Every structure is written in C-alpha cells, then in structure tokens.
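What follows is a single structure, written as structure tokens, with notes after it.
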Amino acid sequence: MGPDAGTILITGGGSRRGIGRATALRFAGLGHAVAVLDIDAAGAADTARDAAAAGSPAVFSAHVDVTDQASVAAAVGAAQAALPPVTVLANIAGITAPTRFEDITLAEWERVFAVNVRGTFLVTQAVLPGMRARGHGRIVNLSSVSAQRGGGVFGASHYSASKAAILGLTRTLARELGDTGVTVNAVAPSLVDTDIFAGALSAERKAELAGTTLLGRLATPDDVAGVIAFLASPDASYLTGATIDVNGGSHLH
Ligand SMILES: NC(=O)c1ccc[n+]([C@@H]2O[C@H](COP(=O)([O-])OP(=O)(O)OC[C@H]3O[C@@H](n4cnc5c(N)ncnc54)[C@H](O)[C@@H]3O)[C@@H](O)[C@H]2O)c1
C-alpha cells in the first residue's frame with residue numbers, strides 16, 4: 001500500500017494503550033490517512049498526532065459518541081471532508097463490564113449494547129454510502145472470543161451478547177454487500193492487555209488467562225492491529241463475512 005491507500009476511519013482510537021491506537025499507527029505506517037474518532041477527544045488527538053509522526057500522509061481527529069446519531073454524522077462528515085475517501089472502517093470503540101447477570105441493571109445492559117452494537121450500526125451506516133459509491137471498502141468489526149464461548153474472560157453476559165450481535169451484523173452485512181466491492185469481516189480477540197478493564201483485572205487473573213492460551217501469553221494491541229491490516233489488504237480480497245480468531249489458541253473450533 002502506498003500514498004494512495006486512502007483513509008482508515010477508526011472509532012475508539014483514543015485509548016493510549018488500546019487496539020484502536022495500535023491500528024492507527026499500523027495503518028499510518030502503511031501510508032493511509034488516518035481519522036481517529038473517540039469519546040475521548042484529547043486521546044484521539046494524541047493518536048492522530050502520533051499517526052502523523054508514524055508516516056500517515058494526513059490525519060484527523062474528533063470527538064464522537066458512537067451511540068449518538070447526530071454526533072456520528074458530524075464526526076464522520078468532518079473526517080470525510082478533511083481526508084481522502086475512506087477505504088477502511090475499523091469499528092473498535094467498545095466497553096465491557098464483569099457484572100454478573102442478576103446484577104445487571106437495565107441502564108448498564110442498554111449502555112453496553114448502545115456502544116458496542118448501536119455504535120457499530122451508526123458509524124457503518126454513515127461511512128457505507130461513500131464506499132458503495134466508489135465500489136470499494138473494507139469494514140472490520142471488533143467482536144470477541146467472549147461471543148464465541150460465552151464470556152469466560154472478563155466481560156459478562158451483556159458484553160458477550162453484544163459481541164455475538166456483532167458477528168450477526170458482520171455476516172448479514174457481508175451478504176447484503178456481496179456484489180458492491182465492500183467486504184465486512186470481524187476479529188475475535190481473547191484478552192488483550194489494555195485499559196478496557198479499568199484496573200479491575202488482577203495480575204493473577206491475567207497470568208491465569210495467559211496460561212489458557214497455547215502460546216502462553218496475552219495478545220498485544222499490535223497482534224490485533226496486524227490482523228486488521230491483513231483484512232484491509234489485497235491479500236484478503238476473497239474474505240467476507242469471516243471471523244478471524246486472534247486468541248493464541250485459547251479457543252479452538
Ligand atoms: N482488550 C481486550 O481484551 C479485548 C478483547 C476482545 C475484544 N476487544 C474489543 O476491542 C475493542 C477495543 O478494546 P480496547 O481493549 O482497545 O479498549 P480501550 O478501552 O482501550 O479502548 C476503547 C475506546 O473506545 C472509546 N469509547 C468508549 N465509548 C465510546 C463512545 N460512546 N463513543 C466513542 N468512543 C467510545 C474509549 O474512549 C476508548 O478509547 C472493543 O470493542 C473491545 O470490546 C477487546
């Protein structure tokens with residue numbers, strides 16, 4: 001990929017140790033313009049600045065609340081006006097919580113689904129028309145091994161169900177877009193040591209989870225970013241509706 005690689009639009013790219021930031025830096029190095037959208041505007045700006053330093057020809061950042069249609073329309077519209085056409089969309093913004101089923105309030109259930117599922121729906125709907133018109137696009141959605149095996153890592157039933165919804169959305173959209181030049185795939189990581197756990201995952205539990213992988217370690221954000229880059233590359237032209245496991249062999253099926 002070179003300077004005409006187009007733009008990757010990344011939601012959830014503002015997290016300083018997160019998958020979105022690693023993805024921004026990876027695509028910057030591949031010559032993509034990078035749009036970083038996050039509810040954390042300062043974090044998004046930091047990532048955009050670092051993406052420029054990592055070789056991106058053009059960067060943009062903005063505040064977005066992916067649960068809010070007007071906020072998504074404004075941020076995606078501004079990104080599209082500022083940068084070359086969006087060729088890759090990475091729906092990475094997400095939240096989790098370890099709350100046991102009987103203790104989940106309706107508000108918490110709704111919030112997890114709003115960010116993880118509604119957010120992916122709204123951002124994809126905002127970005128898709130341009131991809132469809134140009135006859136090319138690569139959409140990558142973040143699911144989780146939690147969707148496949150029913151939690152068991154950190155996130156509870158609402159998280160697992162929301163990430164399973166992402167798999168259904170990914171497959172259905174891939175089917176609908178079959179002849180448009182737009183592919184839609186999902187990645188399903190096991191535990192990636194980021195700040196999504198907000199300090200609620202002990203070092204002992206992390207070590208235990210590392211021990212459940214065949215590779216004997218947790219995933220890094222870059223492990224996931226590399227697979228997203230593959231899915232956006234010409235080598236992945238014949239993949240759509242797929243779920244790529246990035247789980248170190250912790251879940252084989
Ligand atoms: N870390 C893991 O172990 C793991 C495993 C499997 C899947 N995932 C998924 O990968 C994605 C990224 O996870 P991460 O570990 O990098 O998390 P993270 O917490 O480091 O980053 C998530 C980002 O999403 C942003 N965000 C949250 N709510 C938002 C909203 N309403 N609007 C816009 N942005 C919002 C946050 O500000 C944050 O920058 C998530 O979808 C997560 O569910 C993570």
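Labels for the structure tokens follow display order: chains A, B, ..., residues from 1 in each chain, ligands from 1.
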message: I'd like the neighbourhood of Ala147 (chain A) as a list of chain:residue names, where a residue qualifies if any of its atoms comes within 6 Å (using only C-alpha atoms), though same-chain residues fewer than 4 positions away should be ignored.
response: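 With the cut-off at 6 Å, the set is A:Ser160, A:Lys163, A:Ala164.
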task: Excluding Ala81 (chain A) and any residue of its chain fewer than 6 positions from it, enumerate the residues within 12 Å of it, using only C-alpha atoms, and give them as a PyMOL selection string.
output: chain A and resi 7+35+59-60+73-75+130
With C-alpha atoms retained, export the selected residues as a PDB file, in the first residue's frame.
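The resulting file, again_32.pdb, is shown below:
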```
ATOM      1  CA  THR A   7      -8.209   6.705   4.631  1.00  0.00           C
ATOM      2  CA  ALA A  35      -9.194   9.545  11.047  1.00  0.00           C
ATOM      3  CA  VAL A  59      -4.615  12.802   9.922  1.00  0.00           C
ATOM      4  CA  PHE A  60      -7.848  13.955  11.520  1.00  0.00           C
ATOM      5  CA  ALA A  73     -22.990  12.224  11.428  1.00  0.00           C
ATOM      6  CA  ALA A  74     -20.995  15.309  12.412  1.00  0.00           C
ATOM      7  CA  ALA A  75     -17.736  13.494  13.135  1.00  0.00           C
ATOM      8  CA  GLY A 130     -19.178   6.531   0.038  1.00  0.00           C
TER       9      GLY A 130
END
```
Residue among A:Thr47, A:Thr96, A:Asn141, A:Gln148 lying closest to Ala114 (chain A), counting only C-alpha atoms: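 Ranking A:Thr47, A:Thr96, A:Asn141, A:Gln148 by distance to Ala114 (chain A), first place goes to A:Thr96.
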- request: Using DSSP on the backbone, list every residue of region 12-217 of chain A that comes out as helix (DSSP H, G or I), and give them as a ChimeraX atom specification.
  value: /A:19-29,41-53,69-82,101-103,106-134,145-149,157-176,195-197,203-211
- prompt: Looking at only C-alpha atoms and all ligand atoms, which of A:Thr87, A:Thr194, A:Thr170, A:Thr120 is the one that sits closest to ligand 1?
  reply: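 Answer, going by the shortest atom-to-atom distance: A:Thr194.
Considering only region 61-152 of chain A, backbone DSSP assigns strand (DSSP E) to Ser61, Ala62, His63, Val86, Thr87, Val88, Leu89, Ala90, Asn91, Gly137, Arg138, Ile139, Val140, Asn141 and Leu142 of chain A.
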Convert the current residue selection to file output with C-alpha atoms, as a compact mmCIF listing (two decimals), in the first residue's frame.
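See result_17.txt below for the written result:
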```txt
# COMPACT_ATOMS: atom_id res chain seq x y z
CA SER A 61 -9.31 13.52 14.96
CA ALA A 62 -12.61 14.39 16.55
CA HIS A 63 -14.84 13.74 19.49
CA VAL A 86 -12.49 6.29 3.44
CA THR A 87 -11.32 2.89 2.20
CA VAL A 88 -11.22 1.13 5.57
CA LEU A 89 -13.56 1.39 8.55
CA ALA A 90 -12.47 -0.15 11.85
CA ASN A 91 -15.30 -0.24 14.39
CA GLY A 137 -14.44 -0.73 1.03
CA ARG A 138 -13.11 -2.84 3.88
CA ILE A 139 -15.12 -2.89 7.08
CA VAL A 140 -13.66 -4.60 10.15
CA ASN A 141 -15.72 -5.03 13.31
CA LEU A 142 -14.39 -5.89 16.76
```
- prompt: Could you name the residues that touch Gly14 (chain A) at 10 Å or less, counting only C-alpha atoms, but leaving out those on the same chain fewer than 3 positions away, as an MDAnalysis selection string?
  reply: chainID A and resid 10:11 17:21 24 36:48 61:63 93
query: So what do you get for CA of Asp103 (chain A) versus atom 36 (C, counted along the ligand's line) of ligand 1, distance-wise?
result: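 A separation of 23.5 Å between them.
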Output as a Markdown table one row per residue of region 94-186 of chain A within 9 Å of region 65-71 of chain A: the closest atom pair and its distance in Å to one decimal place, counting only C-alpha atoms, sorted by chain and residue number ascending.
```
| residue | atom | partner | partner_atom | distance |
| --- | --- | --- | --- | --- |
| A:Arg111 | CA | A:Thr67 | CA | 8.7 |
| A:Ala114 | CA | A:Thr67 | CA | 5.5 |
| A:Val115 | CA | A:Thr67 | CA | 5.5 |
| A:Asn116 | CA | A:Thr67 | CA | 8.6 |
| A:Val117 | CA | A:Thr67 | CA | 8.7 |
| A:Arg118 | CA | A:Thr67 | CA | 6.0 |
| A:Gly119 | CA | A:Val66 | CA | 4.5 |
| A:Thr120 | CA | A:Val66 | CA | 7.5 |
| A:Leu122 | CA | A:Gln69 | CA | 6.4 |
| A:Val123 | CA | A:Val66 | CA | 6.8 |
```
Selection from above, C-alpha atoms, as a short mmCIF file (atom, residue, chain, number, x, y, z; two decimals), in the first residue's frame, can you write it?
```cif
data_model
loop_
_atom_site.label_atom_id
_atom_site.label_comp_id
_atom_site.auth_asym_id
_atom_site.auth_seq_id
_atom_site.Cartn_x
_atom_site.Cartn_y
_atom_site.Cartn_z
CA ARG A 111 -25.22 1.16 27.61
CA ALA A 114 -25.53 1.12 22.72
CA VAL A 115 -21.76 1.49 22.47
CA ASN A 116 -20.91 -1.95 21.10
CA VAL A 117 -23.82 -2.61 18.74
CA ARG A 118 -25.68 0.65 18.04
CA GLY A 119 -22.31 2.39 17.64
CA THR A 120 -21.15 -0.07 15.01
CA LEU A 122 -24.49 4.06 13.22
CA VAL A 123 -20.87 4.53 12.16
#
```
